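This is model-v5.pdb (PDB, C-alpha atoms, pLDDT in the B column).
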```pdb
ATOM      1  CA  MET A 893      70.810  81.904 178.065  1.00 50.00           C
ATOM      2  CA  ILE A 894      74.021  82.693 179.888  1.00 52.00           C
ATOM      3  CA  ARG A 895      73.696  82.798 183.655  1.00 55.00           C
ATOM      4  CA  LYS A 896      75.323  85.657 185.468  1.00 63.00           C
ATOM      5  CA  ARG A 897      78.722  84.623 186.796  1.00 65.00           C
ATOM      6  CA  PRO A 898      81.217  86.477 188.902  1.00 79.00           C
ATOM      7  CA  LEU A 899      83.513  88.587 186.746  1.00 82.00           C
ATOM      8  CA  LEU A 900      86.638  87.061 188.280  1.00 85.00           C
ATOM      9  CA  LEU A 901      85.474  83.538 187.371  1.00 86.00           C
ATOM     10  CA  ASP A 902      84.858  84.629 183.778  1.00 87.00           C
ATOM     11  CA  LEU A 903      88.251  86.317 183.544  1.00 91.00           C
ATOM     12  CA  ALA A 904      89.998  83.322 185.105  1.00 93.00           C
ATOM     13  CA  ALA A 905      88.322  80.993 182.614  1.00 93.00           C
ATOM     14  CA  LEU A 906      89.291  83.214 179.682  1.00 95.00           C
ATOM     15  CA  PHE A 907      92.866  83.312 180.970  1.00 97.00           C
ATOM     16  CA  GLY A 908      92.772  79.520 181.316  1.00 96.00           C
ATOM     17  CA  PHE A 909      91.756  79.080 177.672  1.00 97.00           C
ATOM     18  CA  VAL A 910      94.514  81.468 176.597  1.00 97.00           C
ATOM     19  CA  ILE A 911      97.043  79.437 178.620  1.00 98.00           C
ATOM     20  CA  LEU A 912      95.690  76.173 177.156  1.00 97.00           C
ATOM     21  CA  SER A 913      95.891  77.401 173.560  1.00 97.00           C
ATOM     22  CA  PHE A 914      99.324  78.920 173.921  1.00 97.00           C
ATOM     23  CA  SER A 915     100.601  75.836 175.780  1.00 97.00           C
ATOM     24  CA  ALA A 916      99.669  73.692 172.793  1.00 96.00           C
ATOM     25  CA  ALA A 917     101.430  76.228 170.576  1.00 96.00           C
ATOM     26  CA  ALA A 918     104.530  76.083 172.797  1.00 95.00           C
ATOM     27  CA  ILE A 919     104.622  72.295 172.533  1.00 94.00           C
ATOM     28  CA  GLY A 920     104.553  72.589 168.751  1.00 92.00           C
ATOM     29  CA  THR A 921     107.127  75.360 168.760  1.00 89.00           C
ATOM     30  CA  ALA A 922     109.487  73.167 170.785  1.00 89.00           C
ATOM     31  CA  ALA A 923     109.682  70.872 167.740  1.00 86.00           C
ATOM     32  CA  THR A 924     109.794  73.684 165.213  1.00 83.00           C
ATOM     33  CA  ILE A 925     112.500  76.085 166.365  1.00 76.00           C
ATOM     34  CA  PRO A 926     115.436  73.641 166.745  1.00 63.00           C
ATOM     35  CA  ASN A 927     114.654  71.961 163.424  1.00 58.00           C
ATOM     36  CA  LEU A 928     114.227  74.956 161.150  1.00 66.00           C
ATOM     37  CA  SER A 929     117.789  75.590 160.080  1.00 68.00           C
ATOM     38  CA  PRO A 930     119.488  72.828 158.086  1.00 83.00           C
ATOM     39  CA  TRP A 931     116.685  70.399 157.315  1.00 87.00           C
ATOM     40  CA  TYR A 932     113.913  72.883 156.561  1.00 89.00           C
ATOM     41  CA  ALA A 933     116.233  75.240 154.679  1.00 88.00           C
ATOM     42  CA  GLY A 934     117.230  72.338 152.429  1.00 92.00           C
ATOM     43  CA  LEU A 935     113.676  71.468 151.412  1.00 94.00           C
ATOM     44  CA  ARG A 936     112.288  72.514 148.059  1.00 97.00           C
ATOM     45  CA  LYS A 937     109.325  74.806 148.642  1.00 96.00           C
ATOM     46  CA  PRO A 938     106.684  76.269 146.363  1.00 97.00           C
ATOM     47  CA  PRO A 939     107.288  79.864 145.255  1.00 97.00           C
ATOM     48  CA  TRP A 940     104.103  81.056 146.979  1.00 97.00           C
ATOM     49  CA  ILE A 941     105.272  80.128 150.492  1.00 95.00           C
ATOM     50  CA  PRO A 942     104.810  83.078 152.868  1.00 94.00           C
ATOM     51  CA  PRO A 943     107.821  84.600 154.613  1.00 91.00           C
ATOM     52  CA  SER A 944     108.780  82.937 157.890  1.00 85.00           C
ATOM     53  CA  SER A 945     108.183  86.225 159.718  1.00 88.00           C
ATOM     54  CA  LEU A 946     104.436  85.907 158.994  1.00 93.00           C
ATOM     55  CA  PHE A 947     103.869  82.678 160.923  1.00 91.00           C
ATOM     56  CA  ALA A 948     104.343  83.896 164.518  1.00 91.00           C
ATOM     57  CA  PRO A 949     101.932  86.870 164.274  1.00 96.00           C
ATOM     58  CA  VAL A 950      99.329  84.796 162.445  1.00 97.00           C
ATOM     59  CA  TRP A 951      99.482  82.015 165.032  1.00 96.00           C
ATOM     60  CA  THR A 952      99.335  84.520 167.877  1.00 97.00           C
ATOM     61  CA  GLY A 953      96.134  85.985 166.475  1.00 98.00           C
ATOM     62  CA  LEU A 954      94.641  82.570 165.764  1.00 98.00           C
ATOM     63  CA  ASN A 955      95.404  81.328 169.284  1.00 98.00           C
ATOM     64  CA  LEU A 956      93.720  84.386 170.765  1.00 98.00           C
ATOM     65  CA  LEU A 957      90.635  83.837 168.575  1.00 98.00           C
ATOM     66  CA  MET A 958      90.543  80.141 169.506  1.00 98.00           C
ATOM     67  CA  SER A 959      90.792  81.003 173.202  1.00 98.00           C
ATOM     68  CA  LEU A 960      87.978  83.512 172.958  1.00 98.00           C
ATOM     69  CA  ALA A 961      85.813  81.046 171.037  1.00 98.00           C
ATOM     70  CA  ALA A 962      86.313  78.290 173.623  1.00 98.00           C
ATOM     71  CA  TRP A 963      85.581  80.728 176.434  1.00 97.00           C
ATOM     72  CA  LEU A 964      82.329  81.829 174.785  1.00 97.00           C
ATOM     73  CA  VAL A 965      81.261  78.182 174.563  1.00 97.00           C
ATOM     74  CA  TRP A 966      82.331  77.498 178.163  1.00 96.00           C
ATOM     75  CA  ARG A 967      80.099  80.349 179.331  1.00 94.00           C
ATOM     76  CA  HIS A 968      77.070  78.324 178.154  1.00 93.00           C
ATOM     77  CA  ARG A 969      77.878  75.286 180.299  1.00 88.00           C
ATOM     78  CA  GLY A 970      74.922  75.880 182.603  1.00 83.00           C
ATOM     79  CA  THR A 971      72.347  75.714 179.805  1.00 86.00           C
ATOM     80  CA  HIS A 972      74.003  73.413 177.242  1.00 81.00           C
ATOM     81  CA  ARG A 973      76.040  71.168 179.516  1.00 87.00           C
ATOM     82  CA  ASP A 974      76.365  68.076 177.291  1.00 91.00           C
ATOM     83  CA  ASP A 975      76.898  70.126 174.132  1.00 94.00           C
ATOM     84  CA  VAL A 976      79.543  72.241 175.866  1.00 96.00           C
ATOM     85  CA  GLN A 977      81.416  69.153 177.079  1.00 96.00           C
ATOM     86  CA  THR A 978      81.413  67.684 173.567  1.00 96.00           C
ATOM     87  CA  ALA A 979      82.431  70.981 171.972  1.00 97.00           C
ATOM     88  CA  LEU A 980      85.267  71.617 174.407  1.00 98.00           C
ATOM     89  CA  GLY A 981      86.402  68.006 174.016  1.00 97.00           C
ATOM     90  CA  CYS A 982      86.690  68.617 170.258  1.00 98.00           C
ATOM     91  CA  PHE A 983      88.539  71.851 171.001  1.00 98.00           C
ATOM     92  CA  VAL A 984      91.134  70.125 173.193  1.00 98.00           C
ATOM     93  CA  PHE A 985      91.528  67.297 170.661  1.00 98.00           C
ATOM     94  CA  GLN A 986      92.248  69.719 167.836  1.00 98.00           C
ATOM     95  CA  LEU A 987      94.814  71.506 170.027  1.00 98.00           C
ATOM     96  CA  ALA A 988      96.579  68.173 170.556  1.00 98.00           C
ATOM     97  CA  LEU A 989      96.545  67.445 166.820  1.00 98.00           C
ATOM     98  CA  ASN A 990      97.840  70.931 166.110  1.00 97.00           C
ATOM     99  CA  ALA A 991     100.803  70.426 168.438  1.00 96.00           C
ATOM    100  CA  ALA A 992     101.448  66.932 167.052  1.00 97.00           C
ATOM    101  CA  TRP A 993     101.709  68.240 163.487  1.00 97.00           C
ATOM    102  CA  SER A 994     104.827  70.266 164.320  1.00 94.00           C
ATOM    103  CA  TRP A 995     106.473  67.215 165.825  1.00 94.00           C
ATOM    104  CA  LEU A 996     105.699  65.085 162.770  1.00 96.00           C
ATOM    105  CA  PHE A 997     106.785  67.698 160.246  1.00 95.00           C
ATOM    106  CA  PHE A 998     109.678  69.499 161.934  1.00 91.00           C
ATOM    107  CA  GLY A 999     110.686  67.076 164.686  1.00 90.00           C
ATOM    108  CA  LEU A1000     110.552  63.781 162.781  1.00 92.00           C
ATOM    109  CA  HIS A1001     110.852  65.219 159.235  1.00 93.00           C
ATOM    110  CA  GLN A1002     107.883  63.091 158.166  1.00 96.00           C
ATOM    111  CA  THR A1003     106.229  65.408 155.637  1.00 97.00           C
ATOM    112  CA  GLY A1004     103.874  62.709 154.304  1.00 98.00           C
ATOM    113  CA  LEU A1005     102.710  61.620 157.739  1.00 98.00           C
ATOM    114  CA  ALA A1006     102.345  65.282 158.717  1.00 98.00           C
ATOM    115  CA  PHE A1007     100.178  65.819 155.638  1.00 98.00           C
ATOM    116  CA  ALA A1008      97.875  62.952 156.630  1.00 98.00           C
ATOM    117  CA  GLU A1009      97.749  64.319 160.172  1.00 98.00           C
ATOM    118  CA  ILE A1010      96.913  67.875 159.063  1.00 98.00           C
ATOM    119  CA  LEU A1011      93.981  66.489 157.071  1.00 98.00           C
ATOM    120  CA  SER A1012      92.764  64.888 160.316  1.00 98.00           C
ATOM    121  CA  LEU A1013      93.308  68.204 162.087  1.00 98.00           C
ATOM    122  CA  TRP A1014      91.212  69.937 159.421  1.00 98.00           C
ATOM    123  CA  LEU A1015      88.361  67.476 160.023  1.00 98.00           C
ATOM    124  CA  VAL A1016      88.503  67.935 163.800  1.00 98.00           C
ATOM    125  CA  ILE A1017      88.566  71.739 163.459  1.00 98.00           C
ATOM    126  CA  THR A1018      85.481  71.449 161.241  1.00 98.00           C
ATOM    127  CA  ALA A1019      83.789  69.247 163.858  1.00 98.00           C
ATOM    128  CA  THR A1020      84.749  71.797 166.525  1.00 98.00           C
ATOM    129  CA  ILE A1021      83.219  74.619 164.504  1.00 98.00           C
ATOM    130  CA  LEU A1022      80.007  72.642 164.012  1.00 98.00           C
ATOM    131  CA  SER A1023      79.811  71.772 167.712  1.00 98.00           C
ATOM    132  CA  PHE A1024      80.511  75.399 168.687  1.00 98.00           C
ATOM    133  CA  PHE A1025      77.831  76.590 166.248  1.00 98.00           C
ATOM    134  CA  LYS A1026      75.166  74.660 168.193  1.00 96.00           C
ATOM    135  CA  ILE A1027      76.083  76.708 171.259  1.00 97.00           C
ATOM    136  CA  SER A1028      77.383  80.054 169.974  1.00 97.00           C
ATOM    137  CA  ARG A1029      77.475  81.216 166.366  1.00 98.00           C
ATOM    138  CA  VAL A1030      80.006  83.881 167.299  1.00 98.00           C
ATOM    139  CA  ALA A1031      82.326  81.241 168.775  1.00 98.00           C
ATOM    140  CA  ALA A1032      82.014  79.138 165.625  1.00 98.00           C
ATOM    141  CA  LEU A1033      82.788  82.134 163.405  1.00 98.00           C
ATOM    142  CA  LEU A1034      85.871  82.959 165.468  1.00 98.00           C
ATOM    143  CA  LEU A1035      87.331  79.588 164.422  1.00 98.00           C
ATOM    144  CA  VAL A1036      86.851  80.156 160.675  1.00 98.00           C
ATOM    145  CA  PRO A1037      90.173  82.029 160.200  1.00 98.00           C
ATOM    146  CA  TYR A1038      91.908  79.100 161.914  1.00 98.00           C
ATOM    147  CA  LEU A1039      90.272  76.624 159.545  1.00 98.00           C
ATOM    148  CA  LEU A1040      91.276  78.777 156.571  1.00 98.00           C
ATOM    149  CA  TRP A1041      94.886  78.997 157.777  1.00 98.00           C
ATOM    150  CA  VAL A1042      95.068  75.241 158.381  1.00 98.00           C
ATOM    151  CA  SER A1043      93.589  74.707 154.903  1.00 98.00           C
ATOM    152  CA  PHE A1044      96.416  76.816 153.470  1.00 98.00           C
ATOM    153  CA  ALA A1045      98.957  75.002 155.654  1.00 97.00           C
ATOM    154  CA  ALA A1046      97.642  71.632 154.425  1.00 98.00           C
ATOM    155  CA  VAL A1047      98.116  72.676 150.794  1.00 98.00           C
ATOM    156  CA  LEU A1048     101.595  73.967 151.640  1.00 98.00           C
ATOM    157  CA  ASN A1049     102.478  70.748 153.511  1.00 98.00           C
ATOM    158  CA  GLY A1050     101.227  68.652 150.596  1.00 98.00           C
ATOM    159  CA  SER A1051     103.226  70.730 148.123  1.00 98.00           C
ATOM    160  CA  ILE A1052     106.422  70.441 150.156  1.00 98.00           C
ATOM    161  CA  HIS A1053     105.920  66.690 150.467  1.00 98.00           C
ATOM    162  CA  ARG A1054     105.368  66.364 146.724  1.00 98.00           C
ATOM    163  CA  LEU A1055     108.407  68.521 145.860  1.00 98.00           C
ATOM    164  CA  ASN A1056     110.706  66.515 148.128  1.00 97.00           C
TER     165      ASN A1056
END
```

As structure tokens - that is how I would like this structure written.
Amino acid sequence: MIRKRPLLLDLAALFGFVILSFSAAAIGTAATIPNLSPWYAGLRKPPWIPPSSLFAPVWTGLNLLMSLAAWLVWRHRGTHRDDVQTALGCFVFQLALNAAWSWLFFGLHQTGLAFAEILSLWLVITATILSFFKISRVAALLLVPYLLWVSFAAVLNGSIHRLN
């Protein structure tokens, strides 16, 4: 059961999760943008790679869904305190792994290490979904598109590593 909370506290918390998610994205983007041109352009890529213009809108939507999911879990902190702490800890950990992937792949040009790291990210996202599910099924379901996108990204990363 969710206790009644002041509307401003709820909105502030939601805004905080949006800031947290997009901050992690910004950290990853800092490695991505400057390293796209010569190195990335020179890599062999599979023919099924999506256009670059697709990535920003997809990640924007995923970050909004992740923020909403975390906020829904946070709202249960009065009744599921330990579960919420564990779930949000998983959430923050996967954000850190997400940001780190960009630095490994684009910043350090380590496609193999990035592939190993994205597999770890996939596992932590799965753990996050399972921990969210114990608290809010809706929150868990909101993370499924993220898991699917990271699954696709892992296959793409593995293919690029193999081709190069």

Hey, can you check how far atom CA of A:Leu901 sits from atom CA of A:Leu989?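 Straight-line distance from atom CA of A:Leu901 to atom CA of A:Leu989 works out to 28.4 Å.
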
Non-local contacts of A:Thr924 (12 Å; all atoms listed in the file; under 2 positions in same chain excluded) as an mmCIF file with C-alpha atoms, in the coordinates of the input:
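Generated file (around23.cif):
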```
data_model
loop_
_atom_site.group_PDB
_atom_site.id
_atom_site.type_symbol
_atom_site.label_atom_id
_atom_site.label_comp_id
_atom_site.auth_asym_id
_atom_site.auth_seq_id
_atom_site.Cartn_x
_atom_site.Cartn_y
_atom_site.Cartn_z
ATOM 1 C CA ALA A 917 101.430 76.228 170.576
ATOM 2 C CA ALA A 918 104.530 76.083 172.797
ATOM 3 C CA ILE A 919 104.622 72.295 172.533
ATOM 4 C CA GLY A 920 104.553 72.589 168.751
ATOM 5 C CA THR A 921 107.127 75.360 168.760
ATOM 6 C CA ALA A 922 109.487 73.167 170.785
ATOM 7 C CA PRO A 926 115.436 73.641 166.745
ATOM 8 C CA ASN A 927 114.654 71.961 163.424
ATOM 9 C CA LEU A 928 114.227 74.956 161.150
ATOM 10 C CA SER A 929 117.789 75.590 160.080
ATOM 11 C CA TRP A 931 116.685 70.399 157.315
ATOM 12 C CA TYR A 932 113.913 72.883 156.561
ATOM 13 C CA SER A 944 108.780 82.937 157.890
ATOM 14 C CA PHE A 947 103.869 82.678 160.923
ATOM 15 C CA ALA A 948 104.343 83.896 164.518
ATOM 16 C CA ALA A 991 100.803 70.426 168.438
ATOM 17 C CA ALA A 992 101.448 66.932 167.052
ATOM 18 C CA TRP A 993 101.709 68.240 163.487
ATOM 19 C CA SER A 994 104.827 70.266 164.320
ATOM 20 C CA TRP A 995 106.473 67.215 165.825
ATOM 21 C CA LEU A 996 105.699 65.085 162.770
ATOM 22 C CA PHE A 997 106.785 67.698 160.246
ATOM 23 C CA PHE A 998 109.678 69.499 161.934
ATOM 24 C CA GLY A 999 110.686 67.076 164.686
ATOM 25 C CA LEU A 1000 110.552 63.781 162.781
ATOM 26 C CA HIS A 1001 110.852 65.219 159.235
#
```

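Note that atom CA of A:Leu1005 and atom CA of A:Leu957 are 27.5 Å apart.
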
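Residue nearest A:Leu987, chosen from A:Pro942, A:His1053, A:Ala933, A:Phe914 and counting only C-alpha atoms: A:Phe914.
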
Contact check, stretch 943-1021 of chain A to stretch 905-912 of chain A, at most 10 Å, counting all atoms listed in the file, closest pairs as CSV:
```
residue,atom,partner,partner_atom,distance
A:Asn955,CA,A:Val910,CA,7.4
A:Leu956,CA,A:Val910,CA,6.6
A:Leu957,CA,A:Val910,CA,9.2
A:Met958,CA,A:Val910,CA,8.2
A:Ser959,CA,A:Phe909,CA,5.0
A:Leu960,CA,A:Leu906,CA,6.9
A:Ala961,CA,A:Phe909,CA,9.1
A:Ala962,CA,A:Phe909,CA,6.8
A:Trp963,CA,A:Leu906,CA,5.5
A:Leu964,CA,A:Leu906,CA,8.6
A:Trp966,CA,A:Ala905,CA,8.2
A:Arg967,CA,A:Ala905,CA,8.9
A:Val984,CA,A:Leu912,CA,8.5
A:Leu987,CA,A:Leu912,CA,8.6
```

Run the PyMOL selection byres ((chain A and resi 1008-1023) around 9) against the file shown and list the residues it catches, as an NGL selection string. :A and (975-976 or 978-983 or 985-987 or 989-990 or 992-993 or 996 or 1003-1007 or 1024-1029 or 1031-1036 or 1038-1039 or 1042-1043 or 1045-1046 or 1049-1050)

How many Å separate atom CA of A:Ile1052 from atom CA of A:Pro939?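 Taking atom CA of A:Ile1052 and atom CA of A:Pro939, their separation equals 10.7 Å.
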
The centre and edge lengths of an axis-aligned box containing all atoms of stretch 988-994 of chain A present in the file, extended by 3 Å on each side, are to be given in Å to one decimal, as AutoDock Vina command-line options.
```
--center_x 100.7 --center_y 68.9 --center_z 167.0 --size_x 14.3 --size_y 10.0 --size_z 13.1
```

Between A:Leu899, A:Leu946, A:Ala988, A:Leu954, which residue has the minimum interatomic distance to A:Ser915, considering all atoms listed in the file? A:Ala988

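The nearest approach to A:Ser913 among the residues A:Pro898, A:Pro943, A:Pro938, A:Gly953, with only C-alpha atoms taken into account, belongs to A:Gly953.
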
Kindly indicate which residue among A:Gln977, A:Ser1051, A:Leu1040, A:Ile925 lies nearest to A:Val950, using only C-alpha atoms for the distances. A:Leu1040
